[in-house]
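Trainee: Here it is, the structure in full.
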Amino acid sequence: MIGTRLFPGGSGPWLIAALFFGLTLIGLIVPMIVGVLWSLVNPRAGWFPPNLVPPSLSLDNWRAMFSVPEMGEAAVASFTIAPLVTALCAALALPTGFALGRRAVPFRRAIEFLVLAPIIMPGIVIATGLGSMFIRFGLAHTVLGVILVQTVVVLPFMIRIVTATFEAVPQDLIDAARNLGAGPLSLAWRVLIPLVVPGLFAGGVFTFIGSMEEFVLTFIVGSPHVRTLPVLLFAYLGGRSQIFTYAAVVTIVLLVPTIALLFTAERALKQEYLAAGLGKM
Amino acid sequence: MAQVELRGVTKAYGATAAVQDVHLEARDGEFLTILGPSGCGKTTTLRIIAGLLDPDAGEVLLDGQPVHHLPAHRRETAMVFQSYALFPHMTVRENVAFGLRMRRVPGEERLARVEEALTMVELAGLGDRYPRALSGGQQQRVAVARAVVTRPKVLLFDEPLSNLDAKLRERLRLELRTLQQRLRVTTIYVTHDQAEALVLSDRIAVMDRGRVVEVGLPTEVYRRPRSRITAEFLGIANLIPATIVGSRNDRYLAETAIGRLEVAWPEPLARGDAVTLSFRPEDIRIAAGAVNCLSGAVQQAVYLGSITDYLIRVDHVVVRVQEPGAPSRRVGETVSLVLPTVPAVIRER
Amino acid sequence: MGEVLPGPVPAVERSRLAARRRRDRWVDLLLLLPGVGFLALFLVVPLAQVFLRSVGLALIGEAGHFTWDHYRQFWVEAQYRDGFFFSLWLGVASTVISLATALTFSALMQVRFPGRLVVSVLYKVPLVVPSLVAAFLILSLVAPGGILARLVAHWGWEWPRLVYDRWGWGIIFVLVWHNVPFMMVIISAVMAGIAQDINDAARNLGASPWEVFRFVTVPLSMPGVSAAALLVFIQVFGAFAVPSLMESAYPLALPVIMQTEMMDRANWALASALGSVLTIASAIVLFAYYRLVQGRESPAR
């Protein structure tokens, strides 16, 4: 703690609390409430200035989730693509993370830089290359194409977290297991895998959320045929006429699972994993 | 030069009391050591003096003035931390200069004082190094230089030598003592190492479970401990419960589990007093004698180089005896012991 | 000198060792293949494609002839040049504002205050909020006709124009909202790693809370701070979604121009040239970062 005595009279901690809770209220709670209100606006009455609350509420916009095909399709696309991307990332990252974390691999610096590249490269540049490439391969506007492009940008987080987790396994534990007679297979199955499950879980949370939220590459490679929730949200917000009501519904459908995941997996988002995924360059 | 006083200082962490009603005084220019096992509250006491912790109750006085309203950075104390707490992003010189910079000491004087301090701890010439490039002993000296350069009213040491190996610890111990005597600055030194406390201190305060058990000169607390805790913590003690049953020729007679012993003690004792007798192992001789002579069987003999450490069984009590030189008795041998007539008498069982 | 020197390794033993080493190499390659191979195929190849296309060639598809025309076009036509500088401005402004805010907040988060645990969870929420959603939430708040505009209109005041403006303040606001928590996560982790003794020592030596922050906390947080700043800058510099929704008619951010060239005009060559410019500019910043970090840390390490 920097100071129990930062401020005289012990009011300091209360001032800090007030500041943070005030900011959370204005920056987080109020916008969320406004978002929910927008999703409940009665389309026949609208919500125009100067009204501070909608004049009448209805569930019409929520019914649109099922009656407007594009919304239902986007939700289905998002919720199928994200688990597939997560599974693909886990499968690709586990062996590579093991090699990077525990073996003296050749060209380590170059490989680490390659893994870092998608994190620090502007997504739009990757999208430019992949877009023109996928058009040739017939992968543009397909679900497979979208899965592949999303994997490019979220895989690095998975590899970095898994690598860090493998690195953190104490050599003593491995030596002890071998000394007690564990062969390579039982070593992997009974010692290594259980020890890296938390890291894999954290990486999975990252990947899932990353995939749910990915926009630029999905937009350029997938649309107009494959549209996920963020792509649809962009359409509702960026078009000639903004459709705030539908945008609000899409926002909530998108946010509820990710925020729920954040809270249930708070442990997974512990700072060491976040730091492994993002911090150290 | 200053005098520090604690009055009824209490500090709890949750339900556990770290420090309970501590009264303590460090006189002007004195080297006072707070000695105790880990978790006894000695570091907490030190941090309260420095203002790094606020006491729940009680007062800290510096030269008779209460200082509890002063935040840590306004108290004229300087602390040497167990971890040294050197700033890793600053060179040795910048580390030592930090306190002077915070006190807005002008550049030229600052440089001169930093060099002086570095010379004093024999680190002149290493000023441009980073702490990481120094050995443990050198880092420790930087921490000392950083503390004394501000000319604090009180120097505080929190187990400053505990991270060093034994040889170095012994040498730095003497250096610290010399430094303190030269600067004549009031010093409070926290340690769990009894040898350190005996070598360094003008007075020793023994702490246990958040309380100050006793305060006294090193010879006093070693030769005449007033509590079992002190007797056991400073050196090795054979503690033998006894009951005073009478007196003969200026000596008291004490009934114990190993027989009736004659005890000389300057303070009056009454018949029926329940006490504990504390015998130091080096005071017991393996020999025949007229007074306080017992017989026992050697149970263990351990050669420690300069001395031999014996465990000798007398009835159901095991007595620890130390004699200079190599073992001269074999295990199982029956020997006679002479206990001194001047043990410490502790008025508790 | 009674040491026994190791004798020469017998030939059989040596060849067995070499075989084992060769096998290990193959195991390494096999293990690396999934991750590295995937990235090589879907990252390195497309990037090569971008660079080749920007000069009129192609790795995949028919190759034209070599030309610098697309780069010339970028530099000659004001809309592209201005787009570049607009993106640069967004990157610098968002990074500076986010950094100052995140540093202050992270330091405050180190203090024990009531409700700290709740705040430490809540402040991470924007991490999982897509930037498009952030744009929507903030739009509904600060846009003309948004809730705040309606609120102040009740009191007879006029709401300032914060979105669709020349300097992109609305965009910067959304990006700061989105990036401050991200920076806080990294910076708080580094700050929490500073030993308590170091802070105590500084205070004991006479440093006021502000001086502790200035001379100890900030310098020791530099590794995290610089990494966070770099990531945020590069992300914002190449940001497409938020500028696309909230910018004025002119200038357009460079990624927005790229998207238009690609999807509306199918002008992949120009888009590739602009993408290369974006990449090269980011690479220069990255290079400067590594120089800076190494210059700072080598004496201390």
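Labels for the structure tokens follow display order: chains A, B, ..., residues from 1 in each chain, ligands from 1.
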Neighbours of B:Leu123 within 8 Å (only C-alpha atoms; same-chain residues fewer than 5 positions away dropped), as a list in words?
Mentor: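 Near B:Leu123, the qualifying residues are Leu118, Gln138, Arg141 and Val142 of chain B.
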Trainee: Give me, as a VMD selection string, the residues of chain C touching chain B, with the criterion being at most 9 Å (counting only C-alpha atoms).
Mentor: chain C and resid 195 to 209 211 216 219 to 220 297 299 to 301
Trainee: Could you tell me, as a PyMOL selection string, which residues of stretch 93-221 of chain C DSSP assigns to alpha helix (DSSP H) when given the backbone?
Mentor: chain C and resi 93-109+116-122+131-142+147-154+169-192+196-204+209-212+218-221
Trainee: Using only C-alpha atoms, which residue out of C:Leu17, C:Leu39, C:Ile257, C:Ile234 lies closest to A:Leu130?
Mentor: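 Selected residue with least distance to A:Leu130: C:Leu39.
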Trainee: Here is a test: counting only C-alpha atoms, which residue of C:Arg72, C:Arg23, C:His154, C:Arg161 is nearest to chain A?
Mentor: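 Closest to chain A, using only C-alpha atoms: C:His154.
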Trainee: If the cut-off is 7 Å, can you tell me the residues of chain C near chain A, counting only C-alpha atoms? I'd like them as a VMD selection string.
Mentor: chain C and resid 28 31 to 32 34 to 35 39 42 to 43 46 to 47 49 to 50 60 108 110 to 115 119 125 128 to 130 132 to 133 137 to 138 141 145 147 150 to 151 185 to 186 189 199 209 224 227 to 228 231 234 to 235 238 245 255 272 275
Trainee: How about saving the chosen residues, C-alpha atoms kept, as a PDB file, in the first residue's frame?
Mentor:
ATOM      1  CA  ASP C  28      10.819 -30.137 -31.513  1.00  0.00           C
ATOM      2  CA  LEU C  31       5.608 -30.039 -31.573  1.00  0.00           C
ATOM      3  CA  LEU C  32       6.096 -26.564 -33.017  1.00  0.00           C
ATOM      4  CA  PRO C  34       0.715 -26.838 -35.308  1.00  0.00           C
ATOM      5  CA  GLY C  35       1.057 -23.350 -33.863  1.00  0.00           C
ATOM      6  CA  LEU C  39       0.765 -18.706 -38.198  1.00  0.00           C
ATOM      7  CA  PHE C  42      -2.191 -17.595 -42.331  1.00  0.00           C
ATOM      8  CA  LEU C  43      -0.041 -14.704 -41.207  1.00  0.00           C
ATOM      9  CA  PRO C  46      -0.862 -12.978 -46.311  1.00  0.00           C
ATOM     10  CA  LEU C  47       1.580 -10.334 -45.131  1.00  0.00           C
ATOM     11  CA  GLN C  49       0.937 -10.913 -50.209  1.00  0.00           C
ATOM     12  CA  VAL C  50       0.216  -7.419 -48.854  1.00  0.00           C
ATOM     13  CA  ILE C  60      -1.079 -15.739 -54.996  1.00  0.00           C
ATOM     14  CA  LEU C 108      -4.757   4.678  -6.294  1.00  0.00           C
ATOM     15  CA  GLN C 110      -2.656   0.145  -4.516  1.00  0.00           C
ATOM     16  CA  VAL C 111      -4.190   1.987  -1.571  1.00  0.00           C
ATOM     17  CA  ARG C 112      -6.557   0.041   0.641  1.00  0.00           C
ATOM     18  CA  PHE C 113      -9.986   1.637   0.383  1.00  0.00           C
ATOM     19  CA  PRO C 114     -13.520   0.475   1.111  1.00  0.00           C
ATOM     20  CA  GLY C 115     -14.939  -1.529  -1.797  1.00  0.00           C
ATOM     21  CA  VAL C 119     -13.772  -2.051  -7.993  1.00  0.00           C
ATOM     22  CA  VAL C 125     -15.539  -5.193 -17.429  1.00  0.00           C
ATOM     23  CA  VAL C 128     -14.521  -7.884 -22.382  1.00  0.00           C
ATOM     24  CA  VAL C 129     -16.666  -5.193 -23.976  1.00  0.00           C
ATOM     25  CA  PRO C 130     -16.069  -5.083 -27.747  1.00  0.00           C
ATOM     26  CA  LEU C 132     -18.154  -1.507 -31.105  1.00  0.00           C
ATOM     27  CA  VAL C 133     -20.324  -1.953 -28.040  1.00  0.00           C
ATOM     28  CA  LEU C 137     -22.825   2.828 -25.219  1.00  0.00           C
ATOM     29  CA  ILE C 138     -20.874   6.055 -25.410  1.00  0.00           C
ATOM     30  CA  LEU C 141     -24.593   8.838 -23.815  1.00  0.00           C
ATOM     31  CA  GLY C 145     -29.590  13.782 -28.798  1.00  0.00           C
ATOM     32  CA  ILE C 147     -28.911  11.040 -22.755  1.00  0.00           C
ATOM     33  CA  ARG C 150     -31.148  15.602 -23.148  1.00  0.00           C
ATOM     34  CA  LEU C 151     -30.246  15.987 -19.501  1.00  0.00           C
ATOM     35  CA  VAL C 185      -4.311  -4.539 -15.569  1.00  0.00           C
ATOM     36  CA  ILE C 186      -0.735  -4.522 -16.823  1.00  0.00           C
ATOM     37  CA  ALA C 189       0.410  -6.105 -11.904  1.00  0.00           C
ATOM     38  CA  ASN C 199       7.881   2.092  -0.725  1.00  0.00           C
ATOM     39  CA  PRO C 209       3.303  10.169  -1.131  1.00  0.00           C
ATOM     40  CA  GLY C 224       4.710  -2.490 -17.801  1.00  0.00           C
ATOM     41  CA  ALA C 227       4.605  -2.247 -23.035  1.00  0.00           C
ATOM     42  CA  ALA C 228       1.025  -1.149 -22.376  1.00  0.00           C
ATOM     43  CA  LEU C 231       0.220  -2.004 -27.483  1.00  0.00           C
ATOM     44  CA  ILE C 234      -0.450   0.328 -32.277  1.00  0.00           C
ATOM     45  CA  GLN C 235      -4.011  -0.880 -31.721  1.00  0.00           C
ATOM     46  CA  GLY C 238      -4.724   0.633 -36.833  1.00  0.00           C
ATOM     47  CA  LEU C 245     -18.647   4.895 -36.689  1.00  0.00           C
ATOM     48  CA  PRO C 255      -7.904   1.878 -41.867  1.00  0.00           C
ATOM     49  CA  SER C 272      -2.130  -3.078 -49.631  1.00  0.00           C
ATOM     50  CA  GLY C 275      -1.560  -1.307 -45.138  1.00  0.00           C
TER      51      GLY C 275
END
Trainee: State, in Å with one decimal place, the distance from atom CA of A:Val191 to atom CA of A:Phe208.
Mentor: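 Result for atom CA of A:Val191 versus atom CA of A:Phe208: 26.2 Å, one decimal.
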Trainee: Would you mind telling me which residue in A:Pro55, A:Gly138, A:Pro43, A:Gly101 lies nearest to A:Leu192 when using only C-alpha atoms?
Mentor: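 Comparing A:Pro55, A:Gly138, A:Pro43, A:Gly101 against A:Leu192, the winner is A:Gly101.
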Trainee: Using only C-alpha atoms, which protein or nucleic acid residues come within 12 Å of A:Val169? Drop anything in the same chain fewer than 4 positions from it, and give the result as a ChimeraX atom specification.
Mentor: /A:98,101-102,162-165,173-175,188,191-199
Trainee: Kindly give the distance, in Å, that separates atom CA of B:Ala17 and atom CA of B:Pro55, rounded to a single decimal.
Mentor: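 So the two atoms, atom CA of B:Ala17 and atom CA of B:Pro55, lie 11.1 Å apart.
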Trainee: Among the residues of stretch 122-177 of chain B, find those DSSP assigns to strand (DSSP E or B) from the backbone and print them as number ranges by chain.
Mentor: B: 154-158
Trainee: Save out the residues we just selected, N, CA and C atoms, as a short mmCIF file (atom, residue, chain, number, x, y, z; two decimals), in the first residue's frame.
Mentor:
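Contents of out.cif, as written:
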data_model
loop_
_atom_site.label_atom_id
_atom_site.label_comp_id
_atom_site.auth_asym_id
_atom_site.auth_seq_id
_atom_site.Cartn_x
_atom_site.Cartn_y
_atom_site.Cartn_z
N VAL B 154 17.09 9.17 15.05
CA VAL B 154 17.05 7.79 15.50
C VAL B 154 17.35 6.88 14.32
N LEU B 155 18.24 5.90 14.54
CA LEU B 155 18.52 4.89 13.53
C LEU B 155 17.74 3.63 13.89
N LEU B 156 17.07 3.06 12.91
CA LEU B 156 16.30 1.84 13.17
C LEU B 156 16.85 0.72 12.30
N PHE B 157 17.10 -0.42 12.89
CA PHE B 157 17.59 -1.57 12.14
C PHE B 157 16.60 -2.72 12.27
N ASP B 158 16.17 -3.26 11.14
CA ASP B 158 15.25 -4.40 11.18
C ASP B 158 15.99 -5.65 10.69
#
Trainee: What is the atom CA of B:Val114-atom CA of B:Ala145 distance in Å, reported with one decimal?
Mentor: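 It comes out at 8.1 Å.
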